[in-house]
$ cat protein_25.pdb   # PDB, C-alpha atoms, pLDDT in the B column
ATOM      1  CA  MET A 590      -1.590  -2.542 -24.380  1.00 40.00           C
ATOM      2  CA  LYS A 591      -0.398   0.311 -22.140  1.00 42.00           C
ATOM      3  CA  LYS A 592      -3.962   0.985 -21.062  1.00 45.00           C
ATOM      4  CA  ILE A 593      -4.343  -2.655 -20.046  1.00 39.00           C
ATOM      5  CA  ILE A 594      -1.141  -2.536 -17.991  1.00 40.00           C
ATOM      6  CA  SER A 595      -2.230   0.712 -16.317  1.00 43.00           C
ATOM      7  CA  SER A 596      -5.505  -0.942 -15.433  1.00 44.00           C
ATOM      8  CA  VAL A 597      -3.571  -3.852 -13.957  1.00 44.00           C
ATOM      9  CA  ILE A 598      -1.609  -1.473 -11.701  1.00 48.00           C
ATOM     10  CA  ILE A 599      -4.852   0.118 -10.494  1.00 47.00           C
ATOM     11  CA  ALA A 600      -6.460  -3.289 -10.012  1.00 46.00           C
ATOM     12  CA  LEU A 601      -3.529  -4.505  -7.943  1.00 48.00           C
ATOM     13  CA  PHE A 602      -4.087  -1.709  -5.480  1.00 49.00           C
ATOM     14  CA  LEU A 603      -7.896  -1.740  -5.496  1.00 46.00           C
ATOM     15  CA  PHE A 604      -9.002  -5.330  -5.955  1.00 47.00           C
ATOM     16  CA  ALA A 605      -6.008  -7.387  -4.950  1.00 57.00           C
ATOM     17  CA  CYS A 606      -5.810 -10.276  -2.538  1.00 79.00           C
ATOM     18  CA  ALA A 607      -4.201  -8.143   0.119  1.00 91.00           C
ATOM     19  CA  LEU A 608      -5.138  -8.395   3.763  1.00 95.00           C
ATOM     20  CA  GLU A 609      -7.870  -5.939   4.735  1.00 94.00           C
ATOM     21  CA  SER A 610      -9.175  -4.972   8.143  1.00 95.00           C
ATOM     22  CA  GLU A 611     -11.427  -2.412   9.758  1.00 95.00           C
ATOM     23  CA  PHE A 612      -8.404  -1.769  11.991  1.00 96.00           C
ATOM     24  CA  SER A 613      -5.089  -0.176  11.028  1.00 97.00           C
ATOM     25  CA  LEU A 614      -1.674  -0.667  12.501  1.00 97.00           C
ATOM     26  CA  PRO A 615      -0.751   2.085  14.975  1.00 95.00           C
ATOM     27  CA  ASN A 616       0.199   5.316  13.194  1.00 95.00           C
ATOM     28  CA  THR A 617       3.181   6.280  15.344  1.00 95.00           C
ATOM     29  CA  GLU A 618       5.816   7.093  12.722  1.00 96.00           C
ATOM     30  CA  LYS A 619       6.483  10.142  10.612  1.00 95.00           C
ATOM     31  CA  ASN A 620       6.038   9.726   6.874  1.00 96.00           C
ATOM     32  CA  ASP A 621       8.785   7.824   5.092  1.00 96.00           C
ATOM     33  CA  LYS A 622      10.275  10.664   3.022  1.00 95.00           C
ATOM     34  CA  GLN A 623      11.587   8.152   0.463  1.00 95.00           C
ATOM     35  CA  LEU A 624       7.979   7.218  -0.441  1.00 96.00           C
ATOM     36  CA  ILE A 625       6.968  10.765  -1.316  1.00 96.00           C
ATOM     37  CA  GLY A 626       7.109  11.564  -5.014  1.00 96.00           C
ATOM     38  CA  THR A 627       6.014  10.298  -8.400  1.00 96.00           C
ATOM     39  CA  TRP A 628       6.648   6.651  -9.203  1.00 95.00           C
ATOM     40  CA  ILE A 629       6.479   5.510 -12.824  1.00 94.00           C
ATOM     41  CA  ALA A 630       5.517   1.987 -13.835  1.00 89.00           C
ATOM     42  CA  ASN A 631       8.380   0.006 -15.307  1.00 84.00           C
ATOM     43  CA  ASP A 632       6.737   0.150 -18.763  1.00 81.00           C
ATOM     44  CA  ALA A 633       5.792   3.867 -18.349  1.00 77.00           C
ATOM     45  CA  SER A 634       2.091   2.986 -18.526  1.00 82.00           C
ATOM     46  CA  GLY A 635       1.052   4.761 -15.368  1.00 88.00           C
ATOM     47  CA  LYS A 636       2.132   6.771 -12.350  1.00 93.00           C
ATOM     48  CA  LEU A 637       1.728   6.389  -8.630  1.00 93.00           C
ATOM     49  CA  ILE A 638       1.808   9.771  -6.882  1.00 94.00           C
ATOM     50  CA  ILE A 639       2.436   9.872  -3.154  1.00 95.00           C
ATOM     51  CA  SER A 640       2.261  13.224  -1.404  1.00 96.00           C
ATOM     52  CA  GLN A 641       2.465  14.233   2.221  1.00 93.00           C
ATOM     53  CA  ASN A 642      -0.524  15.612   4.112  1.00 90.00           C
ATOM     54  CA  ASN A 643      -0.056  18.550   6.495  1.00 86.00           C
ATOM     55  CA  ASP A 644       0.237  16.361   9.594  1.00 91.00           C
ATOM     56  CA  ASN A 645       3.503  14.598   8.527  1.00 91.00           C
ATOM     57  CA  ARG A 646       1.898  11.261   9.469  1.00 94.00           C
ATOM     58  CA  THR A 647      -0.474  10.598   6.566  1.00 95.00           C
ATOM     59  CA  LEU A 648      -0.121  10.376   2.809  1.00 96.00           C
ATOM     60  CA  LEU A 649      -2.349  11.061  -0.188  1.00 95.00           C
ATOM     61  CA  ILE A 650      -1.927   8.320  -2.791  1.00 95.00           C
ATOM     62  CA  LYS A 651      -3.166   8.648  -6.375  1.00 94.00           C
ATOM     63  CA  ILE A 652      -2.756   6.648  -9.561  1.00 91.00           C
ATOM     64  CA  ILE A 653      -2.733   8.266 -12.990  1.00 91.00           C
ATOM     65  CA  ASP A 654      -2.999   6.021 -16.040  1.00 86.00           C
ATOM     66  CA  ASP A 655      -1.609   6.678 -19.527  1.00 82.00           C
ATOM     67  CA  THR A 656      -4.826   8.528 -20.485  1.00 86.00           C
ATOM     68  CA  ASN A 657      -4.308  10.900 -17.510  1.00 87.00           C
ATOM     69  CA  LYS A 658      -7.290   9.423 -15.664  1.00 91.00           C
ATOM     70  CA  GLU A 659      -6.671  10.028 -11.973  1.00 91.00           C
ATOM     71  CA  GLU A 660      -7.918   7.872  -9.123  1.00 91.00           C
ATOM     72  CA  ILE A 661      -7.373   8.526  -5.421  1.00 89.00           C
ATOM     73  CA  LEU A 662      -6.480   5.336  -3.600  1.00 88.00           C
ATOM     74  CA  SER A 663      -6.219   6.822  -0.138  1.00 90.00           C
ATOM     75  CA  LYS A 664      -6.389  10.228   1.486  1.00 92.00           C
ATOM     76  CA  ASN A 665      -5.025   8.926   4.785  1.00 93.00           C
ATOM     77  CA  ALA A 666      -2.422   6.260   4.035  1.00 96.00           C
ATOM     78  CA  PHE A 667       0.539   5.888   6.360  1.00 97.00           C
ATOM     79  CA  ASN A 668       3.654   3.828   6.795  1.00 97.00           C
ATOM     80  CA  SER A 669       4.654   1.523   9.651  1.00 97.00           C
ATOM     81  CA  THR A 670       7.817  -0.444  10.330  1.00 97.00           C
ATOM     82  CA  ILE A 671       7.539  -3.887  11.908  1.00 97.00           C
ATOM     83  CA  ASN A 672      10.610  -6.033  12.557  1.00 96.00           C
ATOM     84  CA  GLY A 673      12.496  -4.159   9.827  1.00 96.00           C
ATOM     85  CA  TYR A 674       9.704  -4.512   7.239  1.00 98.00           C
ATOM     86  CA  ASN A 675       8.056  -1.407   5.749  1.00 98.00           C
ATOM     87  CA  ILE A 676       4.269  -1.612   5.708  1.00 98.00           C
ATOM     88  CA  LEU A 677       1.957   0.739   3.825  1.00 97.00           C
ATOM     89  CA  ASN A 678      -1.481   1.094   5.458  1.00 97.00           C
ATOM     90  CA  LEU A 679      -3.813   2.090   2.623  1.00 95.00           C
ATOM     91  CA  VAL A 680      -6.890   3.539   4.387  1.00 94.00           C
ATOM     92  CA  HIS A 681     -10.048   3.949   2.299  1.00 92.00           C
ATOM     93  CA  VAL A 682     -13.835   3.829   2.598  1.00 90.00           C
ATOM     94  CA  ASP A 683     -15.507   0.678   1.288  1.00 86.00           C
ATOM     95  CA  ASN A 684     -18.151   1.707  -1.257  1.00 86.00           C
ATOM     96  CA  ALA A 685     -20.629  -1.005  -0.264  1.00 90.00           C
ATOM     97  CA  SER A 686     -20.476  -0.839   3.532  1.00 89.00           C
ATOM     98  CA  LYS A 687     -19.322   2.802   3.832  1.00 90.00           C
ATOM     99  CA  LYS A 688     -16.890   1.604   6.531  1.00 92.00           C
ATOM    100  CA  GLN A 689     -13.245   2.588   6.760  1.00 93.00           C
ATOM    101  CA  ILE A 690     -11.040  -0.290   5.631  1.00 94.00           C
ATOM    102  CA  THR A 691      -7.265  -0.613   5.658  1.00 96.00           C
ATOM    103  CA  THR A 692      -5.414  -2.682   3.055  1.00 95.00           C
ATOM    104  CA  PHE A 693      -1.817  -3.672   3.830  1.00 97.00           C
ATOM    105  CA  TYR A 694       1.223  -3.789   1.552  1.00 96.00           C
ATOM    106  CA  GLY A 695       4.883  -4.375   2.208  1.00 97.00           C
ATOM    107  CA  TYR A 696       7.238  -2.048   0.377  1.00 97.00           C
ATOM    108  CA  ARG A 697      10.953  -1.708  -0.328  1.00 97.00           C
ATOM    109  CA  ILE A 698      12.819   1.259  -1.735  1.00 96.00           C
ATOM    110  CA  THR A 699      16.251   0.657  -3.208  1.00 94.00           C
ATOM    111  CA  LYS A 700      18.095   3.197  -5.349  1.00 92.00           C
ATOM    112  CA  ASN A 701      14.935   5.095  -6.394  1.00 93.00           C
ATOM    113  CA  LYS A 702      13.024   1.881  -7.134  1.00 96.00           C
ATOM    114  CA  LEU A 703       9.818   1.014  -5.289  1.00 96.00           C
ATOM    115  CA  SER A 704       8.751  -2.619  -5.001  1.00 95.00           C
ATOM    116  CA  TYR A 705       5.614  -3.659  -3.174  1.00 94.00           C
ATOM    117  CA  ALA A 706       3.861  -6.843  -2.143  1.00 96.00           C
ATOM    118  CA  GLU A 707       0.431  -7.487  -0.738  1.00 95.00           C
ATOM    119  CA  VAL A 708       0.171  -8.819   2.781  1.00 97.00           C
ATOM    120  CA  ASN A 709      -1.397 -12.175   1.957  1.00 95.00           C
ATOM    121  CA  ASP A 710      -5.079 -12.366   2.928  1.00 92.00           C
ATOM    122  CA  LYS A 711      -4.991 -16.178   2.594  1.00 90.00           C
ATOM    123  CA  PHE A 712      -2.331 -16.439   5.323  1.00 89.00           C
ATOM    124  CA  THR A 713      -4.960 -16.290   8.071  1.00 89.00           C
ATOM    125  CA  ASP A 714      -8.695 -16.404   8.614  1.00 87.00           C
ATOM    126  CA  ARG A 715      -8.302 -14.605  11.925  1.00 89.00           C
ATOM    127  CA  LYS A 716     -10.807 -11.832  12.664  1.00 92.00           C
ATOM    128  CA  PHE A 717      -9.007  -8.937  14.300  1.00 96.00           C
ATOM    129  CA  THR A 718     -10.603  -7.350  17.349  1.00 96.00           C
ATOM    130  CA  SER A 719      -8.422  -4.237  17.667  1.00 96.00           C
ATOM    131  CA  SER A 720      -5.364  -2.438  16.315  1.00 96.00           C
ATOM    132  CA  LYS A 721      -3.387  -4.064  19.134  1.00 96.00           C
ATOM    133  CA  ASP A 722      -4.546  -7.526  18.003  1.00 97.00           C
ATOM    134  CA  LEU A 723      -3.601  -6.685  14.397  1.00 97.00           C
ATOM    135  CA  LEU A 724      -0.145  -5.484  15.482  1.00 97.00           C
ATOM    136  CA  SER A 725       0.345  -8.696  17.469  1.00 97.00           C
ATOM    137  CA  TYR A 726      -0.546 -10.728  14.346  1.00 97.00           C
ATOM    138  CA  PHE A 727       1.999  -8.805  12.260  1.00 97.00           C
ATOM    139  CA  ASN A 728       4.717  -9.213  14.900  1.00 97.00           C
ATOM    140  CA  GLU A 729       4.064 -12.970  15.166  1.00 96.00           C
ATOM    141  CA  ASN A 730       3.945 -13.683  11.421  1.00 96.00           C
ATOM    142  CA  ILE A 731       5.766 -11.076   9.333  1.00 97.00           C
ATOM    143  CA  ASP A 732       8.959 -13.173   9.090  1.00 97.00           C
ATOM    144  CA  LYS A 733       7.105 -16.295   7.930  1.00 96.00           C
ATOM    145  CA  LYS A 734       7.156 -17.536   4.354  1.00 95.00           C
ATOM    146  CA  GLY A 735       3.924 -16.668   2.575  1.00 95.00           C
ATOM    147  CA  PHE A 736       3.099 -13.623   4.717  1.00 97.00           C
ATOM    148  CA  PHE A 737       3.671 -11.437   1.639  1.00 97.00           C
ATOM    149  CA  ASN A 738       2.443 -12.303  -1.857  1.00 94.00           C
ATOM    150  CA  ASP A 739       4.904 -11.945  -4.752  1.00 92.00           C
ATOM    151  CA  TRP A 740       6.891  -8.707  -4.935  1.00 93.00           C
ATOM    152  CA  GLU A 741       5.881  -6.606  -7.945  1.00 88.00           C
ATOM    153  CA  THR A 742       8.288  -5.235 -10.565  1.00 85.00           C
ATOM    154  CA  PRO A 743       9.803  -2.046  -9.196  1.00 91.00           C
ATOM    155  CA  MET A 744       8.450   1.351 -10.126  1.00 94.00           C
ATOM    156  CA  ILE A 745      11.030   4.065 -10.848  1.00 95.00           C
ATOM    157  CA  LYS A 746      11.011   7.386  -9.011  1.00 96.00           C
ATOM    158  CA  SER A 747      10.636  10.357 -11.342  1.00 92.00           C
ATOM    159  CA  GLU A 748      13.227  13.101 -10.911  1.00 69.00           C
TER     160      GLU A 748
END

$ encode --input "protein_25.pdb" --output "structure tokens"
Amino acid sequence: MKKIISSVIIALFLFACALESEFSLPNTEKNDKQLIGTWIANDASGKLIISQNNDNRTLLIKIIDDTNKEEILSKNAFNSTINGYNILNLVHVDNASKKQITTFYGYRITKNKLSYAEVNDKFTDRKFTSSKDLLSYFNENIDKKGFFNDWETPMIKSE
């Protein structure tokens, strides 16, 4: 059962219905220090490890399941803040096209608990033409109902 739940956590990040684009939001902020650390799934079935790269603007994000299988989700993730919402830009290379793709998640950290939600890919069929266009879309829509999919059960930060 734990292995299934760990696989679900990995699947949520890799194959979810989150908005994806060949463009990222502007990377103008330093890393959110609260994000850095080891986050444990609510049922202890897996871990999300977020560490800081040397540039203080990008993050390495890995998932480790209950069998200690490790998978790198992004070597160059970064956080953005738009209208008070925290956005995680999960940058990765698409295996099929070999192009860099960014997947977007909202996140909240409250009392050492991390909750996240996909930015809903069904909210628009708009094709973005630039990072500026993407940022404009976020600014116009982030407060609207349905922009984020359901918020996931919080993960607990390991001490």

$ residues_around --input "protein_25.pdb" --residues "segment 644-653 of chain A" --least-positions-apart "5" --cutoff "8 Å" --atoms "only C-alpha atoms" --output "PyMOL selection string"
chain A and resi 599+616-620+635-639+658-668

$ resolve_selection --input "protein_25.pdb" --expression "the PyMOL selection byres ((chain A and resi 691) around 7)" --output "MDAnalysis selection string"
chainID A and resid 609:613 678:681 689:690 692:693

$ axis_aligned_box --input "protein_25.pdb" --around "segment 636-649 of chain A" --padding-each-side "5 Å" --output "AutoDock Vina command-line options"
--center_x 0.6 --center_y 12.5 --center_z -1.4 --size_x 15.9 --size_y 22.2 --size_z 31.9

$ resolve_selection --input "protein_25.pdb" --expression "the PyMOL selection byres ((chain A and resi 707-718) around 9)" --output "JSON list (two decimals) with C-alpha atoms, keeping the file's coordinate frame"
[["chain", "number", "residue", "atom", "x", "y", "z"],
["A", 601, "LEU", "CA", -3.53, -4.50, -7.94],
["A", 602, "PHE", "CA", -4.09, -1.71, -5.48],
["A", 605, "ALA", "CA", -6.01, -7.39, -4.95],
["A", 606, "CYS", "CA", -5.81, -10.28, -2.54],
["A", 607, "ALA", "CA", -4.20, -8.14, 0.12],
["A", 608, "LEU", "CA", -5.14, -8.40, 3.76],
["A", 609, "GLU", "CA", -7.87, -5.94, 4.74],
["A", 610, "SER", "CA", -9.18, -4.97, 8.14],
["A", 611, "GLU", "CA", -11.43, -2.41, 9.76],
["A", 612, "PHE", "CA", -8.40, -1.77, 11.99],
["A", 676, "ILE", "CA", 4.27, -1.61, 5.71],
["A", 692, "THR", "CA", -5.41, -2.68, 3.06],
["A", 693, "PHE", "CA", -1.82, -3.67, 3.83],
["A", 694, "TYR", "CA", 1.22, -3.79, 1.55],
["A", 695, "GLY", "CA", 4.88, -4.38, 2.21],
["A", 696, "TYR", "CA", 7.24, -2.05, 0.38],
["A", 705, "TYR", "CA", 5.61, -3.66, -3.17],
["A", 706, "ALA", "CA", 3.86, -6.84, -2.14],
["A", 719, "SER", "CA", -8.42, -4.24, 17.67],
["A", 720, "SER", "CA", -5.36, -2.44, 16.32],
["A", 721, "LYS", "CA", -3.39, -4.06, 19.13],
["A", 722, "ASP", "CA", -4.55, -7.53, 18.00],
["A", 723, "LEU", "CA", -3.60, -6.68, 14.40],
["A", 726, "TYR", "CA", -0.55, -10.73, 14.35],
["A", 731, "ILE", "CA", 5.77, -11.08, 9.33],
["A", 735, "GLY", "CA", 3.92, -16.67, 2.58],
["A", 736, "PHE", "CA", 3.10, -13.62, 4.72],
["A", 737, "PHE", "CA", 3.67, -11.44, 1.64],
["A", 738, "ASN", "CA", 2.44, -12.30, -1.86],
["A", 739, "ASP", "CA", 4.90, -11.94, -4.75],
["A", 740, "TRP", "CA", 6.89, -8.71, -4.93]]

$ atom_distance --input "protein_25.pdb" --atom1 "atom CA of Ile698 of chain A" --atom2 "atom CA of Asn657 of chain A"
25.2 Å

$ atom_distance --input "protein_25.pdb" --atom1 "atom CA of Gln623 of chain A" --atom2 "atom CA of Phe727 of chain A"
22.8 Å

$ residues_around --input "protein_25.pdb" --residues "Ser747 of chain A" --least-positions-apart "5" --cutoff "12 Å" --atoms "all atoms listed in the file" --output "ChimeraX atom specification"
/A:624-631,633,635-639,700-703

$ atom_distance --input "protein_25.pdb" --atom1 "atom CA of Ile745 of chain A" --atom2 "atom CA of Thr656 of chain A"
19.1 Å

$ closest_residue --input "protein_25.pdb" --among "A:Asn730, A:Ser669, A:Ser704, A:Ser725" --to "Thr742 of chain A" --atoms "only C-alpha atoms"
A:Ser704

$ closest_residue --input "protein_25.pdb" --among "A:Thr699, A:Gln641, A:Lys687, A:Asp732" --to "Tyr674 of chain A" --atoms "all atoms listed in the file"
A:Asp732
